[in-house]
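Below is one structure; the comments refer to it alone.
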Amino acid sequence: MSLRLKTLVLDKIRLHYEDKRAAVNNITNFYVSYKHNKSNFLVQMSSKIYHKKNGVKYKDTECKPDVLEAYIDRDIFIENVLNKTSPDQSAKTCPMNIVIDFSSPNIAKPFHAGHLRSTIIGNFIANISKYFKNRVTKINYLGDWGTQFGILQYGLQNKNIDLDELKNDPIKILYNIYVDTNKQALTDASVLEKARKYFSDIEQGNSDLGNWRKIKEVTIKELQKVYERLGINFDDYHWESDYNSRAINTLLDSLEGQNIIESDGMGKKIVRVRDKTVTILKSDNSTLYLSRDLAALLDRYEKYKFDKMLYVVDNAQTDHFAVLFDIMKRINQNCADGCQHIKFGRIKGMSTRTGNVVFLNDILDEAKKKMHDKQEKSKNTRSSAMNDQTCDTLGTTAVIINDLKQRRQKDYVFEWDKVLQSEGDSGIKLQYLHCRLWSLEKNCGLTVPDVCEPKLLTEEVVGEVVAELAKFENILYRAHIEYEACILVNYLFRLAKPINRMFNELRIKNVDSDLGAQRLLVFHSARLVVKTGLEILGVKPLYEM
Ligand code: ARG
């Protein structure tokens, strides 16, 4: 659906639509609000019918209209948009019970760029789903199972690591142990053998989980610190180990009961799906990533009774989720129908001073440090705003917006210079816009009026700002149904243009106070849209920088 305002004329606003349904919806919305007040609201509505041939548009009465024009009374339009001080949420709500699995890093392995994208995109989807009044449950499904954890366990024992040491920076310590032991395993086959055995023993319950609980605890604590920095929280932390071979009986019962699972004759349990044979249980009865995901999915369906189960995971796992959903279709069609893999492309070239391995904290630290240097150099910086918190927020904003402005499925190259630029389309620019709008509101000495008086708002630039503001709900709706944050990010960049023009062209101070107040109302409405937009994107709006 798209609503485009092509031209603005002073006494009328001409709306130009690409899609007839969107046009009718929009116009009806306006019309319905004003049907009791039948003043010449809908001045004219005409549908121009075009036919596209070789890129040239021909008039053709036979085909569906692809352009529809309507003229709306400018005053009523402006009044309508500005009189609702908070963005309208009543128009489109679609309450559903949505569960989102995102971030979901692995213990002992670093939080890589893919997890960063999952975290940022997943949080956006959660926020926008909540905005449209859905019930949202955010799950972080941590990887803590599989042979690599046997390796980690072997390393922990071998190196005699005291778990209390893990309190400072457990993620890095565990990762280093994992890397060292893995290297050892490459040259010494017995290490891998022992690690496998270790894992299989804990999975079969022949050896107790011992330190696992402690490791999980410190890991969550550490992760929470980073999530807090990003303003993200989860409703539930789940573990792959919750679905070990002793815990997946419900799954096996369903698979066996419905004759979906077979033995391969060599001790493995397999399922045939998508012309492939996939293993569900290995010959030593240990589980795989897929079997754990199947069991977890059944469990979630039972627990949350979701309408939608969204997995925010990179493109590389496309096959995994296709197989997961296909098998689930045979076990429980309704459950499978709600599932969707929200895929995203790779980030290339993300690294920090500490090397190529990405630890989220390092990325955020680096962003903060770079922002600090930049702020210090800039003559525009307010000294009161040169604090740690502001630099941290600016750094995270830059990283988040840089990610969300890309189409989700596209791979992109991470370049610090682009991320932190204050010109061009960056998060810094959006924060700056919000601060500038706030500072105007705070320092102009006027109060935002309750009622809009469109007769005072005659300038063309006001029409352009209001025309952009009017699209906000539609933009959010599209961003929501397509799970595409870039629709919202790019809208905010576009909105910034007429707002900045309005800053340059119209004054608030030293003009008649009623006029100043009406202009302030336009700036204020614009600020609320920028603020709401940033919050949905997962960014904390700044008030001073
Ligand atoms: N831990 C996995 C990884 O890092 C991602 C998990 C995604 N969620 C899931 N239910 N499979 O690759």
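As shown in the structure tokens, the chain order sets the letters A, B, ...; within each chain, residues go from 1, and ligands are also counted from 1 in the order they appear.
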
From a backbone DSSP assignment, name each residue in region 273-507 of chain A labelled helix (DSSP H, G or I), as a count of residues only. 143

Show me, as a ChimeraX atom specification, the residues that have an atom within 8 Å of Cys335 (chain A) when counting only C-alpha atoms, minus same-chain residues fewer than 5 positions from it. /A:298,301,306,328-329

Output as JSON lines one row per residue of chain A within 7 Å of ligand 1: the closest atom pair and its distance in Å to one decimal place, counting only C-alpha atoms and all ligand atoms, sorted by chain and residue number ascending.
```
{"residue": "A:Asp101", "atom": "CA", "partner": "ligand 1", "partner_atom_place_in_ligand_line": "8 (N)", "distance": 6.0}
{"residue": "A:Phe102", "atom": "CA", "partner": "ligand 1", "partner_atom_place_in_ligand_line": "7 (C)", "distance": 6.7}
{"residue": "A:Ser104", "atom": "CA", "partner": "ligand 1", "partner_atom_place_in_ligand_line": "6 (C)", "distance": 5.0}
{"residue": "A:Pro105", "atom": "CA", "partner": "ligand 1", "partner_atom_place_in_ligand_line": "1 (N)", "distance": 4.7}
{"residue": "A:Asn106", "atom": "CA", "partner": "ligand 1", "partner_atom_place_in_ligand_line": "1 (N)", "distance": 5.0}
{"residue": "A:His115", "atom": "CA", "partner": "ligand 1", "partner_atom_place_in_ligand_line": "4 (O)", "distance": 6.8}
{"residue": "A:Tyr141", "atom": "CA", "partner": "ligand 1", "partner_atom_place_in_ligand_line": "8 (N)", "distance": 5.8}
{"residue": "A:Leu142", "atom": "CA", "partner": "ligand 1", "partner_atom_place_in_ligand_line": "1 (N)", "distance": 5.7}
{"residue": "A:Gly143", "atom": "CA", "partner": "ligand 1", "partner_atom_place_in_ligand_line": "1 (N)", "distance": 4.5}
{"residue": "A:Asp293", "atom": "CA", "partner": "ligand 1", "partner_atom_place_in_ligand_line": "10 (N)", "distance": 5.6}
{"residue": "A:Tyr311", "atom": "CA", "partner": "ligand 1", "partner_atom_place_in_ligand_line": "8 (N)", "distance": 6.1}
{"residue": "A:Val313", "atom": "CA", "partner": "ligand 1", "partner_atom_place_in_ligand_line": "7 (C)", "distance": 5.7}
```

Output C-alpha atoms for every residue in the selection just made, as an mmCIF file, in the first residue's frame.
```
data_model
loop_
_atom_site.group_PDB
_atom_site.id
_atom_site.type_symbol
_atom_site.label_atom_id
_atom_site.label_comp_id
_atom_site.auth_asym_id
_atom_site.auth_seq_id
_atom_site.Cartn_x
_atom_site.Cartn_y
_atom_site.Cartn_z
ATOM 1 C CA ASP A 101 12.944 -16.142 18.808
ATOM 2 C CA PHE A 102 15.806 -13.737 18.309
ATOM 3 C CA SER A 104 19.919 -16.614 20.378
ATOM 4 C CA PRO A 105 23.716 -16.777 20.558
ATOM 5 C CA ASN A 106 25.764 -19.771 21.645
ATOM 6 C CA HIS A 115 23.548 -12.516 16.210
ATOM 7 C CA TYR A 141 17.145 -19.534 22.709
ATOM 8 C CA LEU A 142 20.711 -20.054 23.773
ATOM 9 C CA GLY A 143 22.912 -22.652 22.160
ATOM 10 C CA ASP A 293 14.408 -27.244 17.528
ATOM 11 C CA TYR A 311 12.541 -17.106 13.983
ATOM 12 C CA VAL A 313 17.898 -16.045 12.006
#
```

Expressed in Å, the length from CA of Asn380 (chain A) to CA of Asn361 (chain A) is 28.0 Å

Where does region 189-223 of chain A meet region 230-251 of chain A within 12 Å, residue by residue, with the nearest atom pair and distance in Å to one decimal for each, counting only C-alpha atoms, listed by chain and rising number, as a tab-separated table?
```
residue	atom	partner	partner_atom	distance
A:Phe199	CA	A:Asn244	CA	10.8
A:Ser200	CA	A:Ser245	CA	9.7
A:Asp201	CA	A:Ser245	CA	10.9
A:Ile202	CA	A:Asn244	CA	9.3
A:Glu203	CA	A:Asn244	CA	6.1
A:Gln204	CA	A:Ser245	CA	6.8
A:Gly205	CA	A:Arg246	CA	7.7
A:Asn206	CA	A:Arg246	CA	11.2
A:Leu209	CA	A:Ser241	CA	10.1
A:Trp212	CA	A:Ser241	CA	9.6
A:Arg213	CA	A:Ser241	CA	10.6
A:Lys216	CA	A:Trp239	CA	8.9
A:Glu217	CA	A:Tyr237	CA	10.8
A:Thr219	CA	A:Tyr237	CA	11.2
A:Ile220	CA	A:Tyr237	CA	8.3
A:Lys221	CA	A:Tyr237	CA	11.3
A:Leu223	CA	A:Asn233	CA	10.2
```

Residue set, region 258-319 of chain A restricted to strand (DSSP E), as a compact mmCIF listing (two decimals) with C-alpha atoms, in the first residue's frame:
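Written out: part-v6.txt:
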```
# COMPACT_ATOMS: atom_id res chain seq x y z
CA ILE A 261 10.26 -41.51 11.89
CA GLU A 262 12.17 -44.59 10.70
CA SER A 263 15.30 -46.45 11.65
CA LYS A 269 16.46 -42.43 13.66
CA ILE A 270 15.66 -40.58 10.49
CA VAL A 271 12.86 -38.68 8.76
CA ARG A 272 12.44 -38.36 5.01
CA VAL A 273 11.59 -34.86 4.03
CA LYS A 276 16.32 -35.70 1.89
CA THR A 277 16.94 -37.99 4.76
CA VAL A 278 17.53 -36.10 7.94
CA THR A 279 18.73 -37.51 11.21
CA ILE A 280 16.65 -36.92 14.29
CA LEU A 281 18.56 -39.11 16.73
CA LYS A 308 2.79 -16.75 14.99
CA MET A 309 6.21 -18.09 15.81
CA LEU A 310 8.92 -15.98 14.21
CA TYR A 311 12.54 -17.11 13.98
CA VAL A 312 14.86 -14.19 13.31
```

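By only C-alpha atoms, and with residues fewer than 5 positions from Asn168 (chain A) along its chain excluded, the set lying at most 10 Å from it is Ile173, Val218 and Glu222 of chain A.
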
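The protein and nucleic acid residues lying at most 7 Å from region 517-519 of chain A are Leu446, Thr447, Val448, Pro449, Cys452, Glu453, Ile508, Ser513 and Phe523 of chain A, with only C-alpha atoms considered and sequence neighbours fewer than 4 positions away removed.
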
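Ranking A:His372, A:Lys348, A:Lys109, A:Arg494 by their shortest atom-to-atom distance to Leu394 (chain A), with only C-alpha atoms included, puts A:His372 first.
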
Asp314 (chain A) surroundings by only C-alpha atoms, 9 Å radius, close-in-sequence under 5 positions cut, as a count of residues only: 11

What lies within 10 Å of Ile481 (chain A) using only C-alpha atoms, ignoring chain neighbours under 5 positions off, as an NGL selection string? :A and (125 or 128-129 or 476)

Limited to N, CA and C atoms, could you put the picked residues into a file as an mmCIF file, in the first residue's frame?
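Below is the file that was written, out_11.cif:
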```
data_model
loop_
_atom_site.group_PDB
_atom_site.id
_atom_site.type_symbol
_atom_site.label_atom_id
_atom_site.label_comp_id
_atom_site.auth_asym_id
_atom_site.auth_seq_id
_atom_site.Cartn_x
_atom_site.Cartn_y
_atom_site.Cartn_z
ATOM 1 N N ILE A 125 11.045 -5.978 15.364
ATOM 2 C CA ILE A 125 9.802 -6.699 15.080
ATOM 3 C C ILE A 125 8.935 -6.798 16.337
ATOM 4 N N ILE A 128 7.399 -3.216 16.947
ATOM 5 C CA ILE A 128 6.350 -2.800 16.022
ATOM 6 C C ILE A 128 5.121 -3.701 16.185
ATOM 7 N N SER A 129 5.336 -4.955 16.534
ATOM 8 C CA SER A 129 4.196 -5.839 16.775
ATOM 9 C C SER A 129 3.423 -5.370 17.998
ATOM 10 N N LEU A 476 4.168 2.587 9.053
ATOM 11 C CA LEU A 476 4.341 1.619 10.136
ATOM 12 C C LEU A 476 3.659 0.306 9.781
#
```

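Picture a line from CA of Lys369 (chain A) to CA of Tyr432 (chain A); it runs 18.4 Å.
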
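Nearest residue to Ala485 (chain A), choosing from A:Asn134, A:Gln224, A:Asn127, A:Ser103 and counting only C-alpha atoms: A:Asn127.
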
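Proximity of A:Asn332, A:Val529, A:Thr287, A:Pro170 to Leu255 (chain A), computed with only C-alpha atoms, is greatest for A:Asn332.
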
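Of the residues under consideration (A:Asp362, A:Val191, A:Thr397, A:Ile327), A:Thr397 shows the shortest atom-to-atom contact distance to Glu535 (chain A) when counting only C-alpha atoms.
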